[in-house]
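First up is the structure itself, then whatever we jot down about it.
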Amino acid sequence: MQETIDRSGIEVRNWGGDVVSHPQVVVKARGVEDIVAVMNDPEKYPAPVRAVGSNHSTTRCATADGGTIVDVSGMTDIVEIGEDYVTAQAGALYIDVAKQLQEKNLQFYVNVELGNLTIGSACCGGTKDASMPGEFGQVCSYADSIKLVTPDGKLLEVTQDDGELLEIMRSSYGLLGIVYEATFRVKPLQAMSVHHSTYSIDEFERSLPELIARDESMMLYLYPFLNKITVEYRKYVEPKGSPSSRPWRLRNWVWKTAAPTFGYLATRFVPWKPLRYFLVNRFNRFIQIALKKMISSDYTLATDQLIRYPHKSGRSRYTFSIWAFPEAEYTRVLREYFAFCKQHYKESGYRCDLLNVGYRILSDSSSLFSYSYDGDVMTIDPVSTGAKGWDEFLQAYNRFCSELGGVPLFNQTKWIEPAQATKAFGANLEKFSEYRRRYDPSNRLLNDYFAGMFEQDRSAVPAG
């Protein structure tokens, strides 16, 4: 039985607390029948209707001002684990499913840091990790069956038998229906090595073709104010001895707690910026050394990369944004980005109080809004505690990235403008918009954020 909260002045925030929604109604769904009930009663449950799980998105993609939020975080059952697949309800956490898979000597193809990712979001939104050799890097690309409730209250299952519709659904962000269950391809548990090397920007530019030729996964730690890049190399290996979880436990503690807490304390208690950023630079130099010396092993397990974040964010919270660029252009763009960060700091006094990261993602047209749809890409992802100046930085960063041909994510690139989305996705944006109008002609699921992205829908947001 659903639990419904219906009162004026309700406020729903994302995990980071910086994205606020003001729905009229919040429904905590316990099963698919609760979602059907919402869809079938537009008077009680006004539009826009948006689904949320752990609500870690950094944009307004899940907001429902004046409408209805369907909270699926209580739908956590793992329905079935087969030899090469797992089926789970939409609210199940990725890390919980991954641990169950590991007990059966299985793993996801893509093991993201954000263990709190929910299965519903994973199958129809943009979440990624650096591609392992020969594999996709985007989680949704391995979703082979998606079950959802359509805006008219009907149940629909989309499978590989309808390849084009599955491609659309993997990029639907809940705009064609609310997901209640999904099936992902999985594979046997594999041993994985992890090592790090640090380069100057000049060394990295000269070496990148050779680094790519190593055919290993590449995650980047970017330090614009130190002109350095640390590359995390991962590859699957033959197991030798017992797997070590220590490197990932240490990495996860730094990523989850130590680094954001340090950034928070430095920003809050060191008002003199020269000293503050001297300390930030020193901390980042320590990170470079720690990555090379301490986070290294010839035998780990990919599932140990996943991080379980607290249900509520505290002073260790952080936020981020993402743009991807064609691999062939990456070193040029990265050098310009380092210069952009320094110029922005000179002009505004703001710079990120955490490091930047990046990922190499192989060409992938499995979803319509894949940011490697047209070829291999590498990303630039600034990370911050979200202190004053972050939003203004992001708006300038978006302009910079769009001008250089970058591609954003609708759920993880804050403040993107409709013109930037149109430039990035072109005909794919129109193709999706046509499907959206076909499956949701009454705009039941369309919020103002997405209406702004689709030119034909900008005046179509329901009044609520």
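Chain labels follow the order of the structure tokens: the first chain is A, the next B, and so on; residue numbering restarts at 1 in every chain, and ligands are counted from 1 in their shown order.
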
Output as CSV one row per residue of stretch 352-410 of chain A within 9 Å of stretch 334-340 of chain A: the closest atom pair and its distance in Å to one decimal place, counting only C-alpha atoms, sorted by chain and residue number ascending.
residue,atom,partner,partner_atom,distance
A:Ile380,CA,A:Leu334,CA,7.6
A:Tyr397,CA,A:Phe340,CA,8.2
A:Phe400,CA,A:Phe340,CA,8.1
A:Cys401,CA,A:Tyr337,CA,8.6

Atoms kept (N, CA and C atoms) for selection, written as an mmCIF file, in the first residue's frame:
data_model
loop_
_atom_site.group_PDB
_atom_site.id
_atom_site.type_symbol
_atom_site.label_atom_id
_atom_site.label_comp_id
_atom_site.auth_asym_id
_atom_site.auth_seq_id
_atom_site.Cartn_x
_atom_site.Cartn_y
_atom_site.Cartn_z
ATOM 1 N N ILE A 380 35.646 15.781 -18.919
ATOM 2 C CA ILE A 380 36.185 16.720 -17.943
ATOM 3 C C ILE A 380 35.084 16.962 -16.926
ATOM 4 N N TYR A 397 31.629 27.379 -17.348
ATOM 5 C CA TYR A 397 32.169 26.091 -17.801
ATOM 6 C C TYR A 397 31.297 25.497 -18.911
ATOM 7 N N PHE A 400 31.988 27.333 -22.103
ATOM 8 C CA PHE A 400 33.303 26.899 -22.585
ATOM 9 C C PHE A 400 33.202 25.535 -23.273
ATOM 10 N N CYS A 401 32.561 24.577 -22.610
ATOM 11 C CA CYS A 401 32.484 23.215 -23.139
ATOM 12 C C CYS A 401 31.642 23.147 -24.402
#

(message) I need the strand (DSSP E or B) residues of stretch 295-442 of chain A per DSSP on the backbone, written as a ChimeraX atom specification.
(response) /A:297-301,307,319-320,323-326,356-361,377-384,407-408

(message) When you look at A:Leu291 with a cut-off of 9 Å (counting only C-alpha atoms), what residues show up, excluding the ones that are within fewer than 2 positions of it in the same chain? I need them as a ChimeraX atom specification.
(response) /A:195-197,230,232,247,251,286-289,293-296

Per-residue nearest contacts stretch 147-227 of chain A to stretch 117-124 of chain A, cut-off 8 Å, using only C-alpha atoms, as CSV:
residue,atom,partner,partner_atom,distance
A:Met169,CA,A:Cys124,CA,5.9
A:Arg170,CA,A:Cys124,CA,4.1
A:Ser171,CA,A:Cys124,CA,5.0
A:Ser172,CA,A:Cys124,CA,5.4
A:Tyr173,CA,A:Cys124,CA,5.3
A:Gly174,CA,A:Cys124,CA,7.1
A:Val179,CA,A:Gly120,CA,5.6
A:Tyr180,CA,A:Gly120,CA,6.8
A:Glu181,CA,A:Gly120,CA,6.9
A:Ala182,CA,A:Ile119,CA,6.9

Filtering to N, CA and C atoms, could you give me those residues as a PDB file, in the first residue's frame?
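Just written: again_5.pdb:
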ATOM      1  N   MET A 169      14.406   4.111 -24.677  1.00  0.00           N
ATOM      2  CA  MET A 169      14.100   3.953 -23.257  1.00  0.00           C
ATOM      3  C   MET A 169      15.336   4.127 -22.389  1.00  0.00           C
ATOM      4  N   ARG A 170      16.480   3.695 -22.888  1.00  0.00           N
ATOM      5  CA  ARG A 170      17.710   3.843 -22.109  1.00  0.00           C
ATOM      6  C   ARG A 170      18.087   5.306 -21.895  1.00  0.00           C
ATOM      7  N   SER A 171      17.479   6.204 -22.662  1.00  0.00           N
ATOM      8  CA  SER A 171      17.738   7.641 -22.519  1.00  0.00           C
ATOM      9  C   SER A 171      16.492   8.405 -22.113  1.00  0.00           C
ATOM     10  N   SER A 172      15.503   7.727 -21.543  1.00  0.00           N
ATOM     11  CA  SER A 172      14.185   8.360 -21.376  1.00  0.00           C
ATOM     12  C   SER A 172      14.042   9.202 -20.120  1.00  0.00           C
ATOM     13  N   TYR A 173      14.888   9.014 -19.125  1.00  0.00           N
ATOM     14  CA  TYR A 173      14.823   9.807 -17.895  1.00  0.00           C
ATOM     15  C   TYR A 173      13.409   9.866 -17.313  1.00  0.00           C
ATOM     16  N   GLY A 174      12.641   8.800 -17.450  1.00  0.00           N
ATOM     17  CA  GLY A 174      11.292   8.776 -16.897  1.00  0.00           C
ATOM     18  C   GLY A 174      10.278   9.579 -17.674  1.00  0.00           C
ATOM     19  N   VAL A 179       9.727   3.604 -14.505  1.00  0.00           N
ATOM     20  CA  VAL A 179      10.301   2.257 -14.435  1.00  0.00           C
ATOM     21  C   VAL A 179       9.976   1.635 -13.082  1.00  0.00           C
ATOM     22  N   TYR A 180       9.560   0.351 -13.109  1.00  0.00           N
ATOM     23  CA  TYR A 180       9.371  -0.369 -11.852  1.00  0.00           C
ATOM     24  C   TYR A 180      10.265  -1.603 -11.750  1.00  0.00           C
ATOM     25  N   GLU A 181      10.881  -2.015 -12.857  1.00  0.00           N
ATOM     26  CA  GLU A 181      11.757  -3.182 -12.827  1.00  0.00           C
ATOM     27  C   GLU A 181      12.649  -3.168 -14.054  1.00  0.00           C
ATOM     28  N   ALA A 182      13.862  -3.677 -13.909  1.00  0.00           N
ATOM     29  CA  ALA A 182      14.774  -3.718 -15.055  1.00  0.00           C
ATOM     30  C   ALA A 182      15.703  -4.927 -14.936  1.00  0.00           C
TER      31      ALA A 182
END

Contacts of stretch 13-66 of chain A with stretch 413-435 of chain A up to 12 Å, shortest pair per row, only C-alpha atoms, as a Markdown table:
| residue | atom | partner | partner_atom | distance |
| --- | --- | --- | --- | --- |
| A:Asp18 | CA | A:Lys414 | CA | 10.5 |
| A:Val19 | CA | A:Lys414 | CA | 9.7 |
| A:Ser57 | CA | A:Thr413 | CA | 9.0 |
| A:Thr58 | CA | A:Lys414 | CA | 6.1 |
| A:Thr59 | CA | A:Lys414 | CA | 4.8 |
| A:Arg60 | CA | A:Lys414 | CA | 7.9 |
| A:Cys61 | CA | A:Lys414 | CA | 9.6 |

(message) My list of candidates is A:Tyr199, A:Phe283, A:Phe410, A:Phe393. Which is closest to A:Ile322 when distances are computed with only C-alpha atoms?
(response) A:Phe410

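When only C-alpha atoms are used to measure the gap to A:Thr261, the shortest distance among A:Ala191, A:Leu354, A:Ile78, A:Leu211 belongs to A:Leu354.
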
(message) Could you list, as a PyMOL selection string, every residue within 10 Å of stretch 204-208 of chain A, counting only C-alpha atoms and ignoring same-chain residues fewer than 2 positions away?
(response) chain A and resi 198-202+210-214+228-231+327-328+330-332+334-335

Using N, CA and C atoms, can you write the selected residues to a file as a JSON list (two decimals), in the first residue's frame?
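Dumped everything to again_14.json:
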[["chain", "number", "residue", "atom", "x", "y", "z"],
["A", 198, "THR", "N", 51.36, 9.57, -12.74],
["A", 198, "THR", "CA", 51.11, 11.01, -12.84],
["A", 198, "THR", "C", 51.97, 11.62, -13.93],
["A", 199, "TYR", "N", 51.37, 12.53, -14.70],
["A", 199, "TYR", "CA", 52.04, 13.17, -15.83],
["A", 199, "TYR", "C", 51.85, 14.68, -15.74],
["A", 200, "SER", "N", 52.81, 15.41, -16.26],
["A", 200, "SER", "CA", 52.57, 16.83, -16.52],
["A", 200, "SER", "C", 51.64, 16.94, -17.72],
["A", 201, "ILE", "N", 51.05, 18.11, -17.91],
["A", 201, "ILE", "CA", 50.15, 18.29, -19.05],
["A", 201, "ILE", "C", 50.90, 18.06, -20.37],
["A", 202, "ASP", "N", 52.16, 18.46, -20.44],
["A", 202, "ASP", "CA", 52.95, 18.23, -21.65],
["A", 202, "ASP", "C", 53.22, 16.75, -21.86],
["A", 210, "GLU", "N", 49.96, 6.64, -26.95],
["A", 210, "GLU", "CA", 50.60, 5.44, -26.41],
["A", 210, "GLU", "C", 49.79, 4.88, -25.24],
["A", 211, "LEU", "N", 49.25, 5.76, -24.40],
["A", 211, "LEU", "CA", 48.46, 5.31, -23.26],
["A", 211, "LEU", "C", 47.19, 4.61, -23.72],
["A", 212, "ILE", "N", 46.56, 5.15, -24.75],
["A", 212, "ILE", "CA", 45.36, 4.53, -25.29],
["A", 212, "ILE", "C", 45.69, 3.15, -25.87],
["A", 213, "ALA", "N", 46.85, 3.05, -26.50],
["A", 213, "ALA", "CA", 47.26, 1.79, -27.12],
["A", 213, "ALA", "C", 47.51, 0.69, -26.09],
["A", 214, "ARG", "N", 47.64, 1.04, -24.82],
["A", 214, "ARG", "CA", 47.82, 0.02, -23.78],
["A", 214, "ARG", "C", 46.56, -0.82, -23.61],
["A", 228, "LYS", "N", 48.90, 19.00, -13.75],
["A", 228, "LYS", "CA", 49.19, 17.58, -13.62],
["A", 228, "LYS", "C", 47.94, 16.76, -13.92],
["A", 229, "ILE", "N", 48.17, 15.52, -14.34],
["A", 229, "ILE", "CA", 47.11, 14.53, -14.56],
["A", 229, "ILE", "C", 47.59, 13.20, -14.01],
["A", 230, "THR", "N", 46.78, 12.60, -13.16],
["A", 230, "THR", "CA", 47.05, 11.24, -12.71],
["A", 230, "THR", "C", 46.09, 10.30, -13.43],
["A", 231, "VAL", "N", 46.62, 9.25, -14.01],
["A", 231, "VAL", "CA", 45.80, 8.28, -14.73],
["A", 231, "VAL", "C", 45.67, 7.01, -13.91],
["A", 327, "GLU", "N", 37.75, 12.04, -28.39],
["A", 327, "GLU", "CA", 39.07, 11.66, -27.92],
["A", 327, "GLU", "C", 40.20, 12.35, -28.69],
["A", 328, "ALA", "N", 40.00, 12.51, -29.99],
["A", 328, "ALA", "CA", 41.05, 13.12, -30.82],
["A", 328, "ALA", "C", 41.30, 14.57, -30.45],
["A", 330, "TYR", "N", 40.91, 15.77, -27.25],
["A", 330, "TYR", "CA", 40.90, 15.90, -25.80],
["A", 330, "TYR", "C", 42.08, 16.67, -25.24],
["A", 331, "THR", "N", 43.28, 16.39, -25.67],
["A", 331, "THR", "CA", 44.43, 17.09, -25.08],
["A", 331, "THR", "C", 44.37, 18.59, -25.34],
["A", 332, "ARG", "N", 43.91, 18.98, -26.53],
["A", 332, "ARG", "CA", 43.75, 20.41, -26.81],
["A", 332, "ARG", "C", 42.71, 21.03, -25.88],
["A", 334, "LEU", "N", 41.68, 19.87, -22.99],
["A", 334, "LEU", "CA", 42.13, 19.82, -21.61],
["A", 334, "LEU", "C", 43.09, 20.96, -21.31],
["A", 335, "ARG", "N", 44.00, 21.23, -22.22],
["A", 335, "ARG", "CA", 44.94, 22.33, -22.02],
["A", 335, "ARG", "C", 44.17, 23.66, -21.92]]

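Among the candidate residues A:Tyr223, A:Trp272, A:Phe450, A:Phe369, the one lying nearest to A:Val383 is A:Tyr223, with distances computed using only C-alpha atoms.
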
(request) For A:Asn447, please output as a PyMOL selection string all residues within 9 Å (counting only C-alpha atoms; exclusion window: fewer than 4 positions along the same chain). (result) chain A and resi 47-50+60-65+67+175+443+451-452+461-462

File dump, residues just selected, C-alpha atoms, as a PDB file, in the first residue's frame:
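What landed in out15.pdb:
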ATOM      1  CA  ALA A  47       1.304  16.683 -13.516  1.00  0.00           C
ATOM      2  CA  PRO A  48       4.199  16.751 -13.873  1.00  0.00           C
ATOM      3  CA  VAL A  49       4.751  13.284 -12.436  1.00  0.00           C
ATOM      4  CA  ARG A  50       8.414  12.509 -11.809  1.00  0.00           C
ATOM      5  CA  ARG A  60      16.442  19.599 -12.165  1.00  0.00           C
ATOM      6  CA  CYS A  61      15.631  16.479 -14.197  1.00  0.00           C
ATOM      7  CA  ALA A  62      13.493  14.956 -11.416  1.00  0.00           C
ATOM      8  CA  THR A  63      11.750  18.081 -10.131  1.00  0.00           C
ATOM      9  CA  ALA A  64       7.950  18.259 -10.141  1.00  0.00           C
ATOM     10  CA  ASP A  65       6.959  21.763  -9.111  1.00  0.00           C
ATOM     11  CA  GLY A  67       2.973  18.146  -9.496  1.00  0.00           C
ATOM     12  CA  LEU A 175       9.678  10.813 -19.684  1.00  0.00           C
ATOM     13  CA  ASN A 443       2.560  15.749 -21.176  1.00  0.00           C
ATOM     14  CA  ALA A 451      10.283  21.014 -21.739  1.00  0.00           C
ATOM     15  CA  GLY A 452      12.974  23.634 -22.087  1.00  0.00           C
ATOM     16  CA  VAL A 461       4.242  22.046 -19.476  1.00  0.00           C
ATOM     17  CA  PRO A 462       0.955  21.273 -17.684  1.00  0.00           C
TER      18      PRO A 462
END

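As for atom CA of A:Pro188 and atom CA of A:Glu83, they are spaced 8.4 Å apart.
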
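Remark: for A:His344, the closest of the candidate residues A:Leu106, A:Leu394, A:Ala259, A:Leu189 is A:Leu394 (distances computed over only C-alpha atoms).
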
(request) Just give me the gap between atom CA of A:Gly177 and atom CA of A:Ala51 in Å, one decimal is fine. (result) 9.2 Å

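Distance check against A:Gly263 using only C-alpha atoms: of A:Asp353, A:Glu347, A:Asp448, A:Asp391, the minimum falls on A:Asp353.
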
(message) Please return, as an NGL selection string, all residues of stretch 156-269 of chain A that DSSP assigns to helix (DSSP H, G or I) on the basis of the backbone.
(response) :A and (163-169 or 201-213 or 246-269)

(request) For A:Ser131, list every protein, DNA or RNA residue within 8 Å, evaluated using only C-alpha atoms, and leave out those in the same chain fewer than 2 positions away; present the list as an MDAnalysis selection string. (result) chainID A and resid 110 129 133:138 217:218 359:362
